[in-house]
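Coordinates from protein.txt are shown below (compact mmCIF, C-alpha atoms).
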# COMPACT_ATOMS: atom_id res chain seq x y z
CA LEU P 4 0.00 0.00 0.00
CA TYR P 5 1.21 3.50 -0.77
CA PHE P 6 0.45 6.51 1.44
CA HIS P 7 0.28 10.06 0.15
CA LEU P 8 -0.68 13.13 2.15
CA THR P 9 -3.32 15.11 0.28
CA GLY P 10 -2.78 18.29 2.28
CA ALA P 11 -6.30 18.51 3.68
CA VAL P 12 -6.07 19.72 7.27
CA LYS P 13 -8.98 20.71 9.45
CA GLY P 14 -9.80 21.27 13.08
CA LYS P 15 -8.20 23.20 15.88
CA LYS P 16 -4.47 23.72 16.19
CA ARG P 17 -4.36 21.04 18.86
CA ASN P 18 -6.45 18.45 17.05
CA LYS P 19 -5.41 18.73 13.43
CA ILE P 20 -6.70 15.98 11.23
CA SER P 21 -4.94 15.10 8.00
CA VAL P 22 -6.39 13.07 5.17
CA ILE P 23 -4.03 10.42 3.91
CA LYS P 24 -4.82 8.66 0.67
CA VAL P 25 -3.69 5.04 0.67
CA TYR P 26 -2.88 3.24 -2.57
CA SER P 27 -2.66 -0.50 -2.85
CA GLU P 28 -0.43 -2.33 -5.31
CA ASP P 29 -3.34 -2.65 -7.73
CA ASN P 30 -3.73 1.17 -7.72
CA THR P 31 -6.96 1.19 -5.73
CA SER P 32 -7.01 3.77 -2.99
CA ARG P 33 -8.62 4.64 0.29
CA ALA P 34 -8.67 8.03 2.03
CA VAL P 35 -8.27 7.97 5.81
CA GLU P 36 -8.41 10.77 8.35
CA VAL P 37 -5.61 10.60 10.92
CA PRO P 38 -4.60 12.88 13.80
CA SER P 39 -1.49 15.02 13.37
CA ASP P 40 0.32 13.19 16.17
CA ILE P 41 -0.07 9.73 14.62
CA THR P 42 2.97 7.47 14.69
CA ALA P 43 4.14 4.96 12.13
CA ARG P 44 3.02 2.10 14.39
CA ASP P 45 -0.44 3.67 14.75
CA ILE P 46 -0.84 3.78 10.97
CA CYS P 47 0.36 0.20 10.66
CA GLN P 48 -2.19 -0.89 13.28
CA LEU P 49 -4.94 1.03 11.50
CA PHE P 50 -4.26 -0.68 8.18
CA ILE P 51 -3.75 -4.07 9.77
CA LEU P 52 -7.29 -3.74 11.15
CA LYS P 53 -8.83 -2.22 8.01
CA ASN P 54 -7.28 -4.84 5.73
CA HIS P 55 -7.88 -7.77 8.12
CA CYS P 56 -4.16 -8.60 8.18
CA ILE P 57 -2.47 -10.81 10.75
CA ASP P 58 -0.49 -8.64 13.14
CA ASP P 59 2.79 -10.48 13.30
CA HIS P 60 4.70 -7.26 14.13
CA SER P 61 6.41 -7.21 10.74
CA TRP P 62 4.22 -4.54 9.14
CA THR P 63 6.23 -1.39 8.55
CA LEU P 64 6.11 2.03 6.97
CA PHE P 65 8.88 2.89 4.54
CA GLU P 66 9.64 6.38 3.32
CA GLN P 67 10.66 6.53 -0.32
CA ILE P 68 12.52 9.62 -1.51
CA PRO P 69 12.84 9.25 -5.30
CA HIS P 70 15.05 12.28 -6.01
CA LEU P 71 17.67 10.78 -3.66
CA SER P 72 16.98 7.20 -4.77
CA ILE P 73 16.63 6.03 -1.19
CA GLU P 74 14.13 4.21 0.93
CA ARG P 75 14.09 4.29 4.71
CA THR P 76 12.23 2.31 7.35
CA ILE P 77 10.24 4.66 9.53
CA GLU P 78 10.57 3.60 13.15
CA ASP P 79 7.40 2.73 15.02
CA HIS P 80 7.63 5.72 17.38
CA GLU P 81 8.23 8.34 14.67
CA SER P 82 5.60 10.94 13.86
CA VAL P 83 4.43 10.42 10.29
CA MET P 84 3.48 14.09 9.92
CA GLU P 85 6.99 15.14 10.98
CA VAL P 86 8.45 12.79 8.37
CA GLN P 87 6.20 14.25 5.70
CA SER P 88 6.90 17.83 6.77
CA GLY P 89 10.48 17.28 5.61
CA TRP P 90 9.31 16.63 2.06
CA GLY P 91 9.23 19.44 -0.49
CA MET P 92 5.93 20.66 -1.87
CA ASP P 93 6.66 19.25 -5.33
CA SER P 94 8.37 16.08 -4.16
CA HIS P 95 7.13 12.68 -5.19
CA CYS P 96 7.92 11.13 -1.81
CA CYS P 97 5.66 8.35 -0.61
CA LEU P 98 5.11 6.12 2.37
CA TYR P 99 4.83 2.39 1.75
CA PHE P 100 3.01 -0.05 4.02
CA ARG P 101 4.42 -3.54 3.72
CA LYS P 102 6.03 -6.35 5.62
CA ASN P 103 9.61 -6.24 6.82
CA TYR P 104 10.45 -9.56 8.43
CA ALA P 105 13.81 -8.27 9.67
CA LYS P 106 12.17 -5.38 11.53
CA TYR P 107 13.08 -6.57 15.03
CA GLU P 108 16.13 -8.71 14.22
CA PHE P 109 18.36 -6.13 15.89
CA PHE P 110 16.59 -6.83 19.18
CA LYS P 111 16.12 -10.57 18.71
CA LYS P 112 19.72 -11.30 17.71
CA PRO P 113 21.86 -8.35 18.81
CA LEU P 114 25.08 -10.35 18.75
CA ASP P 115 24.73 -10.62 14.95
CA PHE P 116 25.07 -6.84 14.80
CA PHE P 117 27.78 -6.48 17.48
CA PRO P 118 30.37 -9.24 17.06
CA GLU P 119 32.75 -9.70 19.96
CA HIS P 120 35.75 -8.25 18.11
CA MET P 121 33.87 -4.96 17.60
CA VAL P 122 32.88 -4.39 21.23
CA SER P 123 35.27 -3.23 23.89
CA ILE P 124 34.35 -4.22 27.43
CA SER P 125 35.31 -1.51 29.89
CA SER P 126 37.41 -2.36 32.89
CA GLU P 127 34.52 -0.93 34.94
CA THR P 128 32.58 -4.17 34.48
CA ASN P 129 35.32 -6.08 36.36
CA GLY P 130 34.27 -9.31 34.70
CA ILE P 131 30.72 -8.98 36.05
CA MET P 132 29.27 -9.00 32.52
CA ASN P 133 30.30 -10.94 29.48
CA HIS P 134 29.99 -9.67 25.89
CA SER P 135 26.43 -10.93 25.41
CA GLN P 136 25.16 -9.46 28.67
CA LEU P 137 26.78 -6.10 27.94
CA ILE P 138 25.08 -5.87 24.54
CA GLN P 139 21.69 -6.86 25.97
CA VAL P 140 21.92 -4.30 28.78
CA SER P 141 23.00 -1.57 26.35
CA ILE P 142 20.08 -2.26 24.01
CA PHE P 143 17.61 -2.39 26.91
CA ILE P 144 18.81 0.99 28.23
CA SER P 145 18.61 2.65 24.79
CA CYS P 146 15.09 1.23 24.21
CA CYS P 147 13.89 2.65 27.50
CA TYR P 148 15.33 6.02 26.53
CA TYR P 149 13.03 6.27 23.44
CA TYR P 150 9.86 5.31 25.24
Conversion result in structure tokens:
Amino acid sequence: LYFHLTGAVKGKKRNKISVIKVYSEDNTSRAVEVPSDITARDICQLFILKNHCIDDHSWTLFEQIPHLSIERTIEDHESVMEVQSGWGMDSHCCLYFRKNYAKYEFFKKPLDFFPEHMVSISSETNGIMNHSQLIQVSIFISCCYYY
């Protein structure tokens, strides 16, 4: 599914509602009103429900920026309206809703991303933590920071 902000905004400053037009791969579309503070995860949940999809936590929003030839996964906690506010008025940027099975691999298998030879264990740990424990604690602390 492809998302495109149509620019329709109504309501009070505090409760702005934006209309997002959603395109599927067969070029059918659906317009949906969403609050201005909606996150990527909220939109994924909305379309999982509307499309009767199985929520296996792999549904993701991707931002495609054609003039830079890049695509980026939008993190669950990110504000979709903030992402779109960075797009130019005449840009052809889009948001894609699709599965990304590797979405949480970083958290499920952190040692794949931080091999032992790339991590330096401080002398402050005094052997209390091994490499695996240090990585898991570091990821847990950074996750708590975002939420």
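The space separating atom CA of Ile57 of chain P from atom CA of Asp45 of chain P comes to 15.2 Å.
The space separating atom CA of Glu85 of chain P from atom CA of Pro38 of chain P comes to 12.1 Å.
Shortest separation to Ala43 of chain P among P:Met84, P:Ala105, P:Cys96, P:Leu114 occurs at residue P:Met84, atoms counted being all atoms listed in the file.
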Quiz item: Quick one: residues within 10 Å of segment 60-72 of chain P, all atoms listed in the file counted, chain neighbours fewer than 3 positions away excluded, as number ranges by chain?
Solution: P: 4-6, 42-44, 46-48, 50-51, 56-57, 75-79, 83, 86-87, 90, 94-107
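Take atom CA of Phe110 of chain P and atom CA of Leu49 of chain P: the distance between them is 24.2 Å.
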